[in-house]
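One structure is given here, and the rest of the page talks about it.
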Amino acid sequence: MRTSGTVPQPTQRHLGDTMRHTTTALLAAALLALAGCSSGGEPAEKATATTTATPSLSKEEARAACVAAWRDWFDNTPADYDPDTDPLPTLPPCEGLPGQAEMGAEALLERNRENRERHDACTDDPAACTDFPTG
């Protein structure tokens with residue numbers, strides 16, 4: 001008669017566990033072999049770090065600089081620019097920033113709002129208006 005409780009069961013190995021370990025080992029060996037083949041046997045040139053004196057901008061500062069660049073471009077668009085055929089410019093402050101279309105739209109909305117305010121001021125007092133011909 002036993003009084004010690006449960007009897008320990010022998011461990012069982014399933015075929016799935018063995019195949020999983022074998023597959024993992026083969027995959028690791030294949031990756032190591034590919035990594036060794038791709039080196040070409042020649043030492044790679046060491047990369048050198050370059051530092052710049054220009055501090056990096058925060059996300060908000062970079063976004064504001066891009067909106068300002070778009071605003072400047074809209075204010076100074078060449079007279080012969082045709083939006084139907086000419087591509088939009090690549091503005092240096094905007095390079096690498098996501099959402100450039102939104103920043104351009106924001107700049108255009110700002111410009112339109114300010115022009116509307118100037119126009120409204122002219123219609124309120126045509127005699128003092130110098131921005132728009134009031135005839």
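Here, A, B, ... name the chains of the structure tokens in the order displayed, residue numbers run from 1 inside each chain, and ligands are numbered from 1 in the same displayed order.
For region 104-118 of chain A, the residues within 10 Å (counting only C-alpha atoms, excluding itself and residues fewer than 2 positions away along the chain) are Ala64, Cys66, Val67, Ala68, Ala69, Trp70, Arg71, Asp72, Trp73, Phe74, Asp75, Cys94, Gly99, Gln100, Ala101, Glu102, Asp120, Ala121, Cys122, Thr123, Asp124, Cys129, Thr130, Asp131 and Phe132 of chain A.
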Keeping N, CA and C atoms for every residue in the selection just given, could you write it to a file as a CSV table (one decimal), in the first residue's frame?
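Written output follows (out_25.csv):
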```csv
chain,number,residue,atom,x,y,z
A,64,ALA,N,7.7,73.1,-38.2
A,64,ALA,CA,7.5,74.6,-38.4
A,64,ALA,C,8.4,75.1,-39.5
A,66,CYS,N,9.5,73.4,-42.1
A,66,CYS,CA,8.9,73.0,-43.4
A,66,CYS,C,7.7,73.8,-43.7
A,67,VAL,N,6.8,74.0,-42.8
A,67,VAL,CA,5.6,74.9,-43.1
A,67,VAL,C,6.1,76.3,-43.6
A,68,ALA,N,7.1,76.8,-42.9
A,68,ALA,CA,7.6,78.1,-43.3
A,68,ALA,C,8.2,78.1,-44.7
A,69,ALA,N,8.9,77.0,-45.0
A,69,ALA,CA,9.5,76.9,-46.4
A,69,ALA,C,8.4,76.8,-47.4
A,70,TRP,N,7.3,76.1,-47.1
A,70,TRP,CA,6.2,76.0,-48.1
A,70,TRP,C,5.5,77.4,-48.2
A,71,ARG,N,5.4,78.0,-47.1
A,71,ARG,CA,4.7,79.4,-47.1
A,71,ARG,C,5.6,80.3,-47.9
A,72,ASP,N,6.9,80.3,-47.8
A,72,ASP,CA,7.8,81.1,-48.6
A,72,ASP,C,7.6,80.8,-50.0
A,73,TRP,N,7.6,79.5,-50.3
A,73,TRP,CA,7.4,79.1,-51.7
A,73,TRP,C,6.1,79.6,-52.3
A,74,PHE,N,5.0,79.5,-51.6
A,74,PHE,CA,3.7,79.9,-52.1
A,74,PHE,C,3.7,81.5,-52.3
A,75,ASP,N,4.4,82.2,-51.4
A,75,ASP,CA,4.5,83.6,-51.5
A,75,ASP,C,5.3,84.1,-52.6
A,94,CYS,N,12.2,70.4,-45.7
A,94,CYS,CA,11.2,69.3,-45.6
A,94,CYS,C,11.8,67.9,-45.9
A,99,GLY,N,4.7,63.5,-44.0
A,99,GLY,CA,3.5,64.4,-44.0
A,99,GLY,C,3.8,65.7,-44.7
A,100,GLN,N,4.6,65.7,-45.7
A,100,GLN,CA,4.9,67.0,-46.4
A,100,GLN,C,3.7,67.6,-47.1
A,101,ALA,N,2.8,66.8,-47.6
A,101,ALA,CA,1.6,67.3,-48.2
A,101,ALA,C,0.7,68.1,-47.2
A,102,GLU,N,0.6,67.5,-46.0
A,102,GLU,CA,-0.2,68.2,-45.0
A,102,GLU,C,0.5,69.5,-44.5
A,120,ASP,N,-10.8,91.4,-46.4
A,120,ASP,CA,-11.9,91.9,-45.6
A,120,ASP,C,-11.7,93.3,-45.1
A,121,ALA,N,-10.4,93.6,-44.7
A,121,ALA,CA,-10.1,94.9,-44.2
A,121,ALA,C,-10.2,95.9,-45.4
A,122,CYS,N,-9.9,95.5,-46.6
A,122,CYS,CA,-10.1,96.4,-47.7
A,122,CYS,C,-11.6,96.7,-48.0
A,123,THR,N,-12.4,95.7,-47.9
A,123,THR,CA,-13.8,95.9,-48.2
A,123,THR,C,-14.5,96.7,-47.1
A,124,ASP,N,-13.9,96.7,-45.9
A,124,ASP,CA,-14.4,97.5,-44.8
A,124,ASP,C,-14.1,98.9,-44.9
A,129,CYS,N,-7.4,101.1,-48.5
A,129,CYS,CA,-6.9,99.8,-49.0
A,129,CYS,C,-5.8,100.1,-50.1
A,130,THR,N,-4.7,99.5,-49.9
A,130,THR,CA,-3.6,99.6,-50.9
A,130,THR,C,-3.2,98.2,-51.4
A,131,ASP,N,-3.8,97.1,-50.8
A,131,ASP,CA,-3.4,95.7,-51.2
A,131,ASP,C,-4.2,95.3,-52.5
A,132,PHE,N,-5.4,95.7,-52.6
A,132,PHE,CA,-6.3,95.2,-53.6
A,132,PHE,C,-6.9,96.3,-54.3
```
Per-residue DSSP, region 56-123 of chain A, filtered to alpha helix (DSSP H), as a ChimeraX atom specification: /A:59-75,100-123
Those residues with C-alpha atoms, as a CSV table (one decimal), in the first residue's frame please?
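Saved to result.csv:
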```
chain,number,residue,atom,x,y,z
A,59,LYS,CA,10.0,67.3,-34.5
A,60,GLU,CA,8.0,70.5,-33.8
A,61,GLU,CA,10.8,72.8,-35.0
A,62,ALA,CA,11.4,70.7,-38.1
A,63,ARG,CA,7.7,70.8,-38.9
A,64,ALA,CA,7.5,74.6,-38.4
A,65,ALA,CA,10.6,75.0,-40.6
A,66,CYS,CA,8.9,73.0,-43.4
A,67,VAL,CA,5.6,74.9,-43.1
A,68,ALA,CA,7.6,78.1,-43.3
A,69,ALA,CA,9.5,76.9,-46.4
A,70,TRP,CA,6.2,76.0,-48.1
A,71,ARG,CA,4.7,79.4,-47.1
A,72,ASP,CA,7.8,81.1,-48.6
A,73,TRP,CA,7.4,79.1,-51.7
A,74,PHE,CA,3.7,79.9,-52.1
A,75,ASP,CA,4.5,83.6,-51.5
A,100,GLN,CA,4.9,67.0,-46.4
A,101,ALA,CA,1.6,67.3,-48.2
A,102,GLU,CA,-0.2,68.2,-45.0
A,103,MET,CA,2.5,70.7,-44.1
A,104,GLY,CA,2.1,72.3,-47.6
A,105,ALA,CA,-1.6,72.4,-47.1
A,106,GLU,CA,-1.2,74.0,-43.7
A,107,ALA,CA,1.0,76.7,-45.2
A,108,LEU,CA,-1.5,77.3,-48.0
A,109,LEU,CA,-4.4,77.6,-45.5
A,110,GLU,CA,-2.4,80.1,-43.4
A,111,ARG,CA,-1.6,82.2,-46.5
A,112,ASN,CA,-5.3,82.1,-47.6
A,113,ARG,CA,-6.5,83.1,-44.2
A,114,GLU,CA,-4.2,86.1,-44.1
A,115,ASN,CA,-5.1,87.1,-47.6
A,116,ARG,CA,-8.8,86.8,-46.7
A,117,GLU,CA,-8.2,89.1,-43.6
A,118,ARG,CA,-6.5,91.7,-45.8
A,119,HIS,CA,-9.3,91.5,-48.3
A,120,ASP,CA,-11.9,91.9,-45.6
A,121,ALA,CA,-10.1,94.9,-44.2
A,122,CYS,CA,-10.1,96.4,-47.7
A,123,THR,CA,-13.8,95.9,-48.2
```
Length of the CA of Leu97 (chain A) to CA of Ala79 (chain A) vector [Å]: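 Separation of CA of Leu97 (chain A) and CA of Ala79 (chain A): 27.7 Å.
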